[in-house]
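Student: What follows is protein.cif; its format and atoms are mmCIF, C-alpha atoms and all ligand atoms; chains and numbers go by the auth columns.
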```cif
data_data
#
loop_
_atom_site.group_PDB
_atom_site.id
_atom_site.type_symbol
_atom_site.label_atom_id
_atom_site.label_comp_id
_atom_site.label_asym_id
_atom_site.label_seq_id
_atom_site.Cartn_x
_atom_site.Cartn_y
_atom_site.Cartn_z
_atom_site.B_iso_or_equiv
_atom_site.auth_seq_id
_atom_site.auth_asym_id
ATOM 1 C CA THR A 1 80.713 22.631 68.550 0.00 1 J
ATOM 2 C CA ASP A 2 81.271 26.359 69.047 0.00 2 J
ATOM 3 C CA THR A 3 78.592 26.688 71.754 0.00 3 J
ATOM 4 C CA ALA A 4 78.206 25.613 75.387 0.00 4 J
ATOM 5 C CA ILE A 5 75.069 25.857 77.515 0.00 5 J
ATOM 6 C CA ILE A 6 75.062 26.147 81.288 0.00 6 J
ATOM 7 C CA VAL A 7 71.833 24.789 82.758 0.00 7 J
ATOM 8 C CA VAL A 8 71.480 26.166 86.281 0.00 8 J
ATOM 9 C CA ALA A 9 69.624 23.694 88.483 0.00 9 J
ATOM 10 C CA ALA A 10 71.138 24.370 91.914 0.00 10 J
ATOM 11 C CA GLY A 11 68.276 26.345 93.452 0.00 11 J
ATOM 12 C CA SER A 12 66.294 25.134 96.424 0.00 12 J
ATOM 13 C CA GLY A 13 62.797 25.697 95.045 0.00 13 J
ATOM 14 C CA THR A 14 61.471 27.424 98.143 0.00 14 J
ATOM 15 C CA ARG A 15 58.459 28.894 96.375 0.00 15 J
ATOM 16 C CA LEU A 16 57.535 25.572 94.744 0.00 16 J
ATOM 17 C CA GLY A 17 57.670 23.996 98.175 0.00 17 J
ATOM 18 C CA ARG A 18 58.050 20.359 97.155 0.00 18 J
ATOM 19 C CA GLY A 19 60.686 19.632 99.822 0.00 19 J
ATOM 20 C CA VAL A 20 63.347 18.772 97.205 0.00 20 J
ATOM 21 C CA PRO A 21 65.499 21.105 95.110 0.00 21 J
ATOM 22 C CA LYS A 22 63.174 22.310 92.359 0.00 22 J
ATOM 23 C CA ALA A 23 65.070 20.780 89.431 0.00 23 J
ATOM 24 C CA PHE A 24 64.639 17.370 91.067 0.00 24 J
ATOM 25 C CA ALA A 25 60.891 17.677 91.657 0.00 25 J
ATOM 26 C CA GLU A 26 58.866 15.391 89.383 0.00 26 J
ATOM 27 C CA LEU A 27 56.372 16.496 86.757 0.00 27 J
ATOM 28 C CA ALA A 28 54.521 13.915 84.686 0.00 28 J
ATOM 29 C CA GLY A 29 56.962 11.145 85.588 0.00 29 J
ATOM 30 C CA ALA A 30 60.285 12.925 85.082 0.00 30 J
ATOM 31 C CA THR A 31 62.233 15.552 86.976 0.00 31 J
ATOM 32 C CA ILE A 32 62.161 19.202 85.953 0.00 32 J
ATOM 33 C CA LEU A 33 65.845 18.858 85.017 0.00 33 J
ATOM 34 C CA GLU A 34 65.144 15.882 82.763 0.00 34 J
ATOM 35 C CA HIS A 35 62.397 17.806 80.967 0.00 35 J
ATOM 36 C CA ALA A 36 64.750 20.768 80.530 0.00 36 J
ATOM 37 C CA LEU A 37 67.493 18.533 79.110 0.00 37 J
ATOM 38 C CA ARG A 38 65.050 16.892 76.685 0.00 38 J
ATOM 39 C CA GLY A 39 64.682 20.342 75.111 0.00 39 J
ATOM 40 C CA LEU A 40 68.420 20.256 74.347 0.00 40 J
ATOM 41 C CA ALA A 41 68.516 16.803 72.756 0.00 41 J
ATOM 42 C CA GLY A 42 69.754 17.129 69.197 0.00 42 J
ATOM 43 C CA VAL A 43 70.979 20.712 69.618 0.00 43 J
ATOM 44 C CA ASP A 44 74.632 21.247 68.676 0.00 44 J
ATOM 45 C CA VAL A 45 75.874 22.446 72.095 0.00 45 J
ATOM 46 C CA SER A 46 77.981 21.057 74.928 0.00 46 J
ATOM 47 C CA ILE A 47 76.073 20.985 78.201 0.00 47 J
ATOM 48 C CA VAL A 48 77.140 21.849 81.754 0.00 48 J
ATOM 49 C CA VAL A 49 74.531 21.213 84.462 0.00 49 J
ATOM 50 C CA VAL A 50 74.895 23.001 87.824 0.00 50 J
ATOM 51 C CA VAL A 51 73.265 21.225 90.785 0.00 51 J
ATOM 52 C CA PRO A 52 73.066 21.299 94.587 0.00 52 J
ATOM 53 C CA VAL A 53 75.708 19.265 96.395 0.00 53 J
ATOM 54 C CA GLY A 54 74.623 15.625 96.593 0.00 54 J
ATOM 55 C CA PHE A 55 72.590 15.702 93.350 0.00 55 J
ATOM 56 C CA GLU A 56 75.447 15.046 90.917 0.00 56 J
ATOM 57 C CA ALA A 57 74.473 11.416 90.252 0.00 57 J
ATOM 58 C CA ASP A 58 70.780 12.288 89.846 0.00 58 J
ATOM 59 C CA ALA A 59 71.753 14.917 87.289 0.00 59 J
ATOM 60 C CA SER A 60 73.861 12.454 85.297 0.00 60 J
ATOM 61 C CA ALA A 61 70.979 9.976 85.319 0.00 61 J
ATOM 62 C CA ALA A 62 68.582 12.694 84.123 0.00 62 J
ATOM 63 C CA ALA A 63 70.952 13.554 81.265 0.00 63 J
ATOM 64 C CA GLU A 64 71.176 9.926 80.219 0.00 64 J
ATOM 65 C CA ARG A 65 67.388 9.514 80.215 0.00 65 J
ATOM 66 C CA ALA A 66 67.053 12.754 78.231 0.00 66 J
ATOM 67 C CA GLY A 67 69.531 11.459 75.658 0.00 67 J
ATOM 68 C CA VAL A 68 72.188 14.123 76.143 0.00 68 J
ATOM 69 C CA VAL A 69 75.800 14.203 77.348 0.00 69 J
ATOM 70 C CA ALA A 70 76.398 16.657 80.195 0.00 70 J
ATOM 71 C CA SER A 71 79.132 17.550 82.660 0.00 71 J
ATOM 72 C CA VAL A 72 77.832 18.153 86.151 0.00 72 J
ATOM 73 C CA VAL A 73 79.196 20.680 88.660 0.00 73 J
ATOM 74 C CA VAL A 74 78.029 21.857 92.073 0.00 74 J
ATOM 75 C CA GLY A 75 76.499 25.341 92.300 0.00 75 J
ATOM 76 C CA GLY A 76 76.463 28.051 94.938 0.00 76 J
ATOM 77 C CA ALA A 77 74.234 30.043 97.249 0.00 77 J
ATOM 78 C CA THR A 78 72.886 32.422 94.577 0.00 78 J
ATOM 79 C CA ARG A 79 71.997 31.904 90.940 0.00 79 J
ATOM 80 C CA ALA A 80 74.972 34.066 89.960 0.00 80 J
ATOM 81 C CA ASP A 81 77.292 31.846 92.031 0.00 81 J
ATOM 82 C CA SER A 82 75.880 28.843 90.196 0.00 82 J
ATOM 83 C CA VAL A 83 76.407 30.444 86.771 0.00 83 J
ATOM 84 C CA ALA A 84 79.991 31.290 87.799 0.00 84 J
ATOM 85 C CA ALA A 85 80.550 27.645 88.817 0.00 85 J
ATOM 86 C CA GLY A 86 79.228 26.523 85.447 0.00 86 J
ATOM 87 C CA LEU A 87 81.459 29.001 83.602 0.00 87 J
ATOM 88 C CA GLU A 88 84.505 27.475 85.310 0.00 88 J
ATOM 89 C CA ARG A 89 83.630 24.152 83.694 0.00 89 J
ATOM 90 C CA VAL A 90 82.889 25.526 80.203 0.00 90 J
ATOM 91 C CA GLY A 91 85.715 24.798 77.767 0.00 91 J
ATOM 92 C CA GLU A 92 86.982 26.763 74.773 0.00 92 J
ATOM 93 C CA GLU A 93 83.611 27.303 73.111 0.00 93 J
ATOM 94 C CA ARG A 94 83.135 30.685 71.477 0.00 94 J
ATOM 95 C CA PHE A 95 79.546 31.156 72.683 0.00 95 J
ATOM 96 C CA VAL A 96 77.908 30.390 76.019 0.00 96 J
ATOM 97 C CA LEU A 97 74.184 30.152 76.745 0.00 97 J
ATOM 98 C CA VAL A 98 72.833 30.333 80.288 0.00 98 J
ATOM 99 C CA HIS A 99 69.508 28.587 80.890 0.00 99 J
ATOM 100 C CA ASP A 100 67.235 28.030 83.888 0.00 100 J
ATOM 101 C CA ALA A 101 66.395 24.354 84.420 0.00 101 J
ATOM 102 C CA ALA A 102 63.146 25.748 85.840 0.00 102 J
ATOM 103 C CA ARG A 103 62.140 26.727 82.269 0.00 103 J
ATOM 104 C CA ALA A 104 61.617 23.025 81.745 0.00 104 J
ATOM 105 C CA LEU A 105 59.396 23.249 78.662 0.00 105 J
ATOM 106 C CA ALA A 106 61.596 25.622 76.663 0.00 106 J
ATOM 107 C CA PRO A 107 61.507 24.135 73.157 0.00 107 J
ATOM 108 C CA ARG A 108 64.540 23.308 71.074 0.00 108 J
ATOM 109 C CA SER A 109 63.507 25.953 68.524 0.00 109 J
ATOM 110 C CA LEU A 110 64.007 28.672 71.150 0.00 110 J
ATOM 111 C CA VAL A 111 67.516 27.448 71.972 0.00 111 J
ATOM 112 C CA GLU A 112 68.347 27.340 68.277 0.00 112 J
ATOM 113 C CA ARG A 113 67.036 30.885 67.764 0.00 113 J
ATOM 114 C CA VAL A 114 69.452 32.189 70.416 0.00 114 J
ATOM 115 C CA VAL A 115 72.394 30.231 68.973 0.00 115 J
ATOM 116 C CA GLU A 116 71.576 31.513 65.464 0.00 116 J
ATOM 117 C CA ALA A 117 71.618 35.130 66.678 0.00 117 J
ATOM 118 C CA LEU A 118 75.102 34.595 68.135 0.00 118 J
ATOM 119 C CA ARG A 119 76.367 32.949 64.977 0.00 119 J
ATOM 120 C CA SER A 120 74.995 35.930 63.004 0.00 120 J
ATOM 121 C CA GLY A 121 77.142 38.321 65.033 0.00 121 J
ATOM 122 C CA GLU A 122 75.243 39.321 68.172 0.00 122 J
ATOM 123 C CA ARG A 123 77.387 39.254 71.331 0.00 123 J
ATOM 124 C CA ALA A 124 74.542 39.199 73.854 0.00 124 J
ATOM 125 C CA VAL A 125 71.012 38.025 73.108 0.00 125 J
ATOM 126 C CA VAL A 126 67.939 37.459 75.244 0.00 126 J
ATOM 127 C CA PRO A 127 64.587 35.861 74.359 0.00 127 J
ATOM 128 C CA VAL A 128 61.770 38.221 75.296 0.00 128 J
ATOM 129 C CA LEU A 129 57.983 38.302 75.355 0.00 129 J
ATOM 130 C CA PRO A 130 55.630 41.270 75.454 0.00 130 J
ATOM 131 C CA VAL A 131 54.031 41.978 78.817 0.00 131 J
ATOM 132 C CA VAL A 132 50.311 41.155 78.859 0.00 132 J
ATOM 133 C CA ASP A 133 49.201 42.509 82.250 0.00 133 J
ATOM 134 C CA THR A 134 48.551 46.156 83.018 0.00 134 J
ATOM 135 C CA ILE A 135 51.560 47.206 85.114 0.00 135 J
ATOM 136 C CA ARG A 136 51.450 49.911 87.764 0.00 136 J
ATOM 137 C CA GLU A 137 54.143 51.312 89.997 0.00 137 J
ATOM 138 C CA SER A 138 53.649 50.724 93.703 0.00 138 J
ATOM 139 C CA GLY A 139 55.204 52.485 96.677 0.00 139 J
ATOM 140 C CA ALA A 140 54.750 53.450 100.307 0.00 140 J
ATOM 141 C CA ALA A 141 51.981 55.886 99.347 0.00 141 J
ATOM 142 C CA GLY A 142 50.031 53.178 97.510 0.00 142 J
ATOM 143 C CA LEU A 143 49.630 52.621 93.803 0.00 143 J
ATOM 144 C CA GLY A 144 51.337 54.969 91.399 0.00 144 J
ATOM 145 C CA ARG A 145 51.083 55.489 87.678 0.00 145 J
ATOM 146 C CA ILE A 146 50.475 52.860 85.026 0.00 146 J
ATOM 147 C CA VAL A 147 53.608 52.036 83.054 0.00 147 J
ATOM 148 C CA ASP A 148 53.131 51.876 79.282 0.00 148 J
ATOM 149 C CA ARG A 149 53.480 48.150 78.778 0.00 149 J
ATOM 150 C CA SER A 150 54.220 48.504 75.062 0.00 150 J
ATOM 151 C CA THR A 151 57.691 49.676 76.141 0.00 151 J
ATOM 152 C CA LEU A 152 58.253 46.614 78.369 0.00 152 J
ATOM 153 C CA ARG A 153 59.488 43.075 77.694 0.00 153 J
ATOM 154 C CA ALA A 154 59.653 40.021 79.948 0.00 154 J
ATOM 155 C CA MET A 155 63.036 38.253 79.961 0.00 155 J
ATOM 156 C CA GLN A 156 63.427 34.511 79.394 0.00 156 J
ATOM 157 C CA THR A 157 66.289 32.071 79.053 0.00 157 J
ATOM 158 C CA PRO A 158 68.408 30.701 77.434 0.00 158 J
ATOM 159 C CA GLN A 159 70.328 33.962 77.167 0.00 159 J
ATOM 160 C CA GLY A 160 73.326 33.765 74.829 0.00 160 J
ATOM 161 C CA PHE A 161 76.693 35.486 74.945 0.00 161 J
ATOM 162 C CA ASP A 162 80.083 35.740 73.416 0.00 162 J
ATOM 163 C CA ALA A 163 82.007 33.613 75.944 0.00 163 J
ATOM 164 C CA GLN A 164 84.697 36.223 76.624 0.00 164 J
ATOM 165 C CA LEU A 165 82.082 38.891 77.196 0.00 165 J
ATOM 166 C CA LEU A 166 80.167 36.758 79.700 0.00 166 J
ATOM 167 C CA ARG A 167 83.374 35.882 81.543 0.00 167 J
ATOM 168 C CA ALA A 168 84.278 39.576 81.725 0.00 168 J
ATOM 169 C CA ALA A 169 80.798 40.419 83.016 0.00 169 J
ATOM 170 C CA TYR A 170 81.070 37.809 85.748 0.00 170 J
ATOM 171 C CA ALA A 171 84.576 38.891 86.693 0.00 171 J
ATOM 172 C CA GLU A 172 83.187 42.399 87.261 0.00 172 J
ATOM 173 C CA ALA A 173 79.977 41.338 88.889 0.00 173 J
ATOM 174 C CA LEU A 174 80.783 38.753 91.500 0.00 174 J
ATOM 175 C CA ALA A 175 80.886 41.337 94.280 0.00 175 J
ATOM 176 C CA ARG A 176 77.199 42.136 93.772 0.00 176 J
ATOM 177 C CA ALA A 177 76.190 38.674 92.716 0.00 177 J
ATOM 178 C CA ASP A 178 72.502 38.795 93.542 0.00 178 J
ATOM 179 C CA SER A 179 71.542 39.325 89.894 0.00 179 J
ATOM 180 C CA THR A 180 69.143 36.809 88.376 0.00 180 J
ATOM 181 C CA ASP A 181 69.651 38.135 84.839 0.00 181 J
ATOM 182 C CA ASP A 182 72.946 37.489 83.062 0.00 182 J
ATOM 183 C CA ALA A 183 72.332 40.036 80.314 0.00 183 J
ATOM 184 C CA GLN A 184 72.060 42.732 82.968 0.00 184 J
ATOM 185 C CA LEU A 185 75.666 42.026 83.985 0.00 185 J
ATOM 186 C CA VAL A 186 76.794 42.307 80.364 0.00 186 J
ATOM 187 C CA GLN A 187 74.829 45.531 79.976 0.00 187 J
ATOM 188 C CA ALA A 188 76.626 46.917 83.037 0.00 188 J
ATOM 189 C CA LEU A 189 79.831 46.726 80.952 0.00 189 J
ATOM 190 C CA GLY A 190 78.197 49.090 78.452 0.00 190 J
ATOM 191 C CA GLU A 191 77.526 46.345 75.917 0.00 191 J
ATOM 192 C CA PRO A 192 74.332 46.315 73.862 0.00 192 J
ATOM 193 C CA VAL A 193 71.909 43.416 74.395 0.00 193 J
ATOM 194 C CA ALA A 194 69.851 42.147 71.468 0.00 194 J
ATOM 195 C CA SER A 195 66.578 40.266 71.672 0.00 195 J
ATOM 196 C CA VAL A 196 64.913 37.398 69.837 0.00 196 J
ATOM 197 C CA PRO A 197 61.283 36.359 70.219 0.00 197 J
ATOM 198 C CA GLY A 198 60.742 34.247 73.311 0.00 198 J
ATOM 199 C CA ASP A 199 58.329 31.336 73.612 0.00 199 J
ATOM 200 C CA GLU A 200 55.377 30.994 75.970 0.00 200 J
ATOM 201 C CA LEU A 201 56.441 27.419 76.686 0.00 201 J
ATOM 202 C CA ALA A 202 59.658 28.765 78.208 0.00 202 J
ATOM 203 C CA PHE A 203 57.806 30.114 81.259 0.00 203 J
ATOM 204 C CA LYS A 204 59.672 29.617 84.538 0.00 204 J
ATOM 205 C CA ILE A 205 58.199 27.045 86.905 0.00 205 J
ATOM 206 C CA THR A 206 58.229 28.995 90.159 0.00 206 J
ATOM 207 C CA THR A 207 55.022 28.218 92.069 0.00 207 J
ATOM 208 C CA ALA A 208 52.768 25.171 92.463 0.00 208 J
ATOM 209 C CA ALA A 209 50.386 26.729 89.926 0.00 209 J
ATOM 210 C CA ASP A 210 53.241 26.881 87.381 0.00 210 J
ATOM 211 C CA ALA A 211 53.988 23.202 88.033 0.00 211 J
ATOM 212 C CA ASP A 212 50.314 22.353 87.453 0.00 212 J
ATOM 213 C CA ARG A 213 50.383 24.244 84.155 0.00 213 J
ATOM 214 C CA ALA A 214 53.550 22.439 83.065 0.00 214 J
ATOM 215 C CA GLU A 215 52.034 19.098 83.987 0.00 215 J
ATOM 216 C CA ALA A 216 48.886 19.856 82.006 0.00 216 J
ATOM 217 C CA LEU A 217 51.005 20.747 78.959 0.00 217 J
ATOM 218 C CA LEU A 218 53.002 17.521 79.344 0.00 218 J
ATOM 219 C CA ALA A 219 49.974 15.263 79.787 0.00 219 J
ATOM 220 C CA PRO A 220 49.213 13.125 76.773 0.00 220 J
ATOM 221 C CA GLU A 221 46.131 14.104 74.778 0.00 221 J
ATOM 222 C CA GLY A 222 42.896 12.914 76.439 0.00 222 J
ATOM 223 C CA SER A 223 44.402 11.731 79.724 0.00 223 J
HETATM 224 N N1 LIG B . 69.512 28.530 90.678 0.00 1 E
HETATM 225 C C1 LIG B . 70.773 27.972 90.866 0.00 1 E
HETATM 226 N N2 LIG B . 71.479 28.232 92.010 0.00 1 E
HETATM 227 C C2 LIG B . 70.946 29.017 92.980 0.00 1 E
HETATM 228 C C3 LIG B . 69.661 29.589 92.800 0.00 1 E
HETATM 229 C C4 LIG B . 68.955 29.333 91.621 0.00 1 E
HETATM 230 O O1 LIG B . 71.263 27.235 90.010 0.00 1 E
HETATM 231 N N3 LIG B . 71.635 29.210 94.091 0.00 1 E
HETATM 232 C C5 LIG B . 68.754 28.197 89.469 0.00 1 E
HETATM 233 C C6 LIG B . 67.481 27.417 89.786 0.00 1 E
HETATM 234 O O2 LIG B . 67.777 26.041 89.944 0.00 1 E
HETATM 235 C C7 LIG B . 66.587 27.731 88.612 0.00 1 E
HETATM 236 C C8 LIG B . 67.078 29.110 88.137 0.00 1 E
HETATM 237 O O3 LIG B . 68.308 29.366 88.821 0.00 1 E
HETATM 238 O O4 LIG B . 66.708 26.797 87.542 0.00 1 E
HETATM 239 C C9 LIG B . 66.054 30.191 88.423 0.00 1 E
HETATM 240 O O5 LIG B . 65.908 30.350 89.839 0.00 1 E
HETATM 241 P P1 LIG B . 64.529 30.218 90.628 0.00 1 E
HETATM 242 O O6 LIG B . 63.399 30.001 89.708 0.00 1 E
HETATM 243 O O7 LIG B . 64.486 31.325 91.624 0.00 1 E
HETATM 244 O O8 LIG B . 64.742 28.792 91.386 0.00 1 E
HETATM 245 P P2 LIG B . 65.002 28.553 92.929 0.00 1 E
HETATM 246 O O9 LIG B . 65.973 29.553 93.454 0.00 1 E
HETATM 247 O O10 LIG B . 65.308 27.115 93.080 0.00 1 E
HETATM 248 O O11 LIG B . 63.538 28.810 93.546 0.00 1 E
HETATM 249 P P3 LIG B . 63.166 29.718 94.827 0.00 1 E
HETATM 250 O O12 LIG B . 63.692 31.107 94.516 0.00 1 E
HETATM 251 O O13 LIG B . 61.662 29.631 94.904 0.00 1 E
HETATM 252 O O14 LIG B . 63.852 29.066 96.000 0.00 1 E
HETATM 253 MG MG MG B . 65.510 31.655 93.474 0.00 2 E
#
```
Would you mind writing the file's structure down as structure tokens?

Tutor:
Amino acid sequence: TDTAIIVVAAGSGTRLGRGVPKAFAELAGATILEHALRGLAGVDVSIVVVVPVGFEADASAAAERAGVVASVVVGGATRADSVAAGLERVGEERFVLVHDAARALAPRSLVERVVEALRSGERAVVPVLPVVDTIRESGAAGLGRIVDRSTLRAMQTPQGFDAQLLRAAYAEALARADSTDDAQLVQALGEPVASVPGDELAFKITTAADADRAEALLAPEGS
């Protein structure tokens, strides 16, 4: 294959508050990581999973249950550190996707849309959704003006890149590695970033309410 995907799963899940690293919290009988990997089954990509130290064997077991082959590496203190650890393990593939395990319900069609955009010549591509809420600025003096939401887009993953470009972005960026958006690092090099339509199912499981929503979507009809 010409494409690798780094699935970052090394976060602690503080906001979810389950007492285990978020990717290893269970939803409807399987871990968040296993659900995320199921979305990659049958996609023509090589998979690198990035996990907290001590969770390597659990990650391999999740991959096996999901029906995918994955290499497993240990991540770092920030998401960017974890992506960098994953990049070290990626081989010679021409394209690299970076995906949050926490977007556990991201469908295969979304992953394929990002890969297709790369194969059609884009060098950086992000799935996006329109913003539905009314958004207002907020500051010390209270609420400010309403921002025209038609000009805004919410970012999802997997984000896809030319592998050399992503490596260059990370080489530049590691000093200020608190970014949670890979495309932002590529953009900082002056490179354009394209978009493809995102998918509502690719929402990020962050809070307990998100986990409840994911579980409801996973529950079999009528149960
Ligand atoms: N991530 C990672 N390594 C880190 C931090 C985050 O691999 N040091 C991953 C998470 O596992 C997740 C994705 O980045 O799949 C998005 O991060 P987020 O939703 O913030 O997850 P957590 O950092 O685990 O959650 P929290 O911020 O609530 O602790
Ligand atoms: Mg986090």

Student: As a quick test: using all atoms listed in the file, which residues lie no more than 7 Å away from ligand MG 2 (chain E)? Give them as an NGL selection string.

Tutor: :J and (11 or 13 or 79)

Student: How about saving the chosen residues, C-alpha atoms kept, as an mmCIF file, in the coordinates of the input?

Tutor:
```
data_model
loop_
_atom_site.group_PDB
_atom_site.id
_atom_site.type_symbol
_atom_site.label_atom_id
_atom_site.label_comp_id
_atom_site.auth_asym_id
_atom_site.auth_seq_id
_atom_site.Cartn_x
_atom_site.Cartn_y
_atom_site.Cartn_z
ATOM 1 C CA GLY J 11 68.276 26.345 93.452
ATOM 2 C CA GLY J 13 62.797 25.697 95.045
ATOM 3 C CA ARG J 79 71.997 31.904 90.940
#
```

Student: Taking all atoms listed in the file into account, which residues are within 10 Å of ligand LIG 1 (chain E), as an MDAnalysis selection string?

Tutor: chainID J and resid 6:17 20:24 32:33 36 49:52 74:86 98:104 157 178 180:181 204:207

Student: Would you list the contacts of J:Ala62 as a count of residues only, taking every protein, DNA or RNA residue within 9 Å and counting all atoms listed in the file, but skipping same-chain residues closer than 4 positions in sequence?

Tutor: 11

Student: Here's a test: counting only C-alpha atoms, identify every protein, DNA and RNA residue with an atom at most 12 Å from (76.0, 47.3, 81.8) in the file's coordinate frame, and state them as a short mmCIF file (atom, residue, chain, number, x, y, z; two decimals) with C-alpha atoms, keeping the file's coordinate frame.

Tutor:
```
data_model
loop_
_atom_site.label_atom_id
_atom_site.label_comp_id
_atom_site.auth_asym_id
_atom_site.auth_seq_id
_atom_site.Cartn_x
_atom_site.Cartn_y
_atom_site.Cartn_z
CA ALA J 124 74.54 39.20 73.85
CA LEU J 165 82.08 38.89 77.20
CA LEU J 166 80.17 36.76 79.70
CA ALA J 168 84.28 39.58 81.72
CA ALA J 169 80.80 40.42 83.02
CA TYR J 170 81.07 37.81 85.75
CA GLU J 172 83.19 42.40 87.26
CA ALA J 173 79.98 41.34 88.89
CA ASP J 181 69.65 38.14 84.84
CA ASP J 182 72.95 37.49 83.06
CA ALA J 183 72.33 40.04 80.31
CA GLN J 184 72.06 42.73 82.97
CA LEU J 185 75.67 42.03 83.98
CA VAL J 186 76.79 42.31 80.36
CA GLN J 187 74.83 45.53 79.98
CA ALA J 188 76.63 46.92 83.04
CA LEU J 189 79.83 46.73 80.95
CA GLY J 190 78.20 49.09 78.45
CA GLU J 191 77.53 46.34 75.92
CA PRO J 192 74.33 46.32 73.86
CA VAL J 193 71.91 43.42 74.40
#
```

Student: Calculated over only C-alpha atoms, which of the candidates J:Leu152, J:Ala59, J:Val96, J:Leu118 has the smallest distance to J:Val72?

Tutor: J:Ala59

Student: So which residues get picked by the PyMOL selection byres (((chain J and resi 154) around 8) and not hetatm) here, written as a PyMOL selection string?

Tutor: chain J and resi 128-131+152-153+155-156

Student: Return as AutoDock Vina command-line options the centre and edge lengths, in Å with one decimal, of the box along x, y and z that encloses every atom of stretch 117-121 of chain J in the file, padded by 4 Å per side.

Tutor:
```
--center_x 74.4 --center_y 35.6 --center_z 65.6 --size_x 13.5 --size_y 13.4 --size_z 13.1
```

Student: Report, in Å to a single decimal, how far apart atom CA of J:Gly42 and atom CA of J:Phe95 are.

Tutor: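 About the pair atom CA of J:Phe95 and atom CA of J:Gly42: they are 17.5 Å apart.
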
Student: Taking into account only C-alpha atoms, which residue in the set J:Leu143, J:Val115, J:Ala4, J:Ala41 is nearest to J:Leu87?

Tutor: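 Of J:Leu143, J:Val115, J:Ala4, J:Ala41, the one nearest J:Leu87 is J:Ala4, counting only C-alpha atoms.
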
Student: The PyMOL selection byres (((chain J and resi 47) around 7) and not hetatm) on the file shown: which residues, as a PyMOL selection string?

Tutor: chain J and resi 4-6+45-46+48-49+69-71

Student: Write the residues of the preceding selection, restricted to C-alpha atoms, as a short mmCIF file (atom, residue, chain, number, x, y, z; two decimals), in the frame of the given file.

Tutor:
```cif
data_model
loop_
_atom_site.label_atom_id
_atom_site.label_comp_id
_atom_site.auth_asym_id
_atom_site.auth_seq_id
_atom_site.Cartn_x
_atom_site.Cartn_y
_atom_site.Cartn_z
CA ALA J 4 78.21 25.61 75.39
CA ILE J 5 75.07 25.86 77.52
CA ILE J 6 75.06 26.15 81.29
CA VAL J 45 75.87 22.45 72.10
CA SER J 46 77.98 21.06 74.93
CA VAL J 48 77.14 21.85 81.75
CA VAL J 49 74.53 21.21 84.46
CA VAL J 69 75.80 14.20 77.35
CA ALA J 70 76.40 16.66 80.19
CA SER J 71 79.13 17.55 82.66
#
```

Student: Which residue, J:Asp148, J:Glu112, J:Glu64, J:Glu56, has the smallest gap to J:Pro197 when you use only C-alpha atoms?

Tutor: J:Glu112

Student: List every protein, DNA or RNA residue that has an atom no more than 10 Å from (52.1, 27.3, 75.2) in the file's coordinate frame, counting only C-alpha atoms, and report them as a list in words.

Tutor: Leu105, Ala106, Asp199, Glu200, Leu201, Ala202, Phe203, Arg213, Ala214 and Leu217 of chain J

Student: Quick one: which residues end up in the PyMOL selection byres (((chain J and resi 135) around 8) and not hetatm) for this structure, as a PyMOL selection string?

Tutor: chain J and resi 133-134+136-137+146-149

Student: Just to be explicit: take each residue in the selection above, keep C-alpha atoms, and write the result as a short mmCIF file (atom, residue, chain, number, x, y, z; two decimals), keeping the file's coordinate frame.

Tutor:
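Just written: part_15.cif:
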```cif
data_model
loop_
_atom_site.label_atom_id
_atom_site.label_comp_id
_atom_site.auth_asym_id
_atom_site.auth_seq_id
_atom_site.Cartn_x
_atom_site.Cartn_y
_atom_site.Cartn_z
CA ASP J 133 49.20 42.51 82.25
CA THR J 134 48.55 46.16 83.02
CA ARG J 136 51.45 49.91 87.76
CA GLU J 137 54.14 51.31 90.00
CA ILE J 146 50.48 52.86 85.03
CA VAL J 147 53.61 52.04 83.05
CA ASP J 148 53.13 51.88 79.28
CA ARG J 149 53.48 48.15 78.78
#
```

Student: Give me, as an NGL selection string, all polymer residues having an atom no more than 12 Å from J:Ser120, counting all atoms listed in the file and skipping those fewer than 6 positions away in the same chain.

Tutor: :J and (95 or 113-114 or 162 or 194)

Student: Please report the interatomic distance between atom CA of J:Glu26 and atom CA of J:Ala219 in Å with one decimal.

Tutor: 13.1 Å
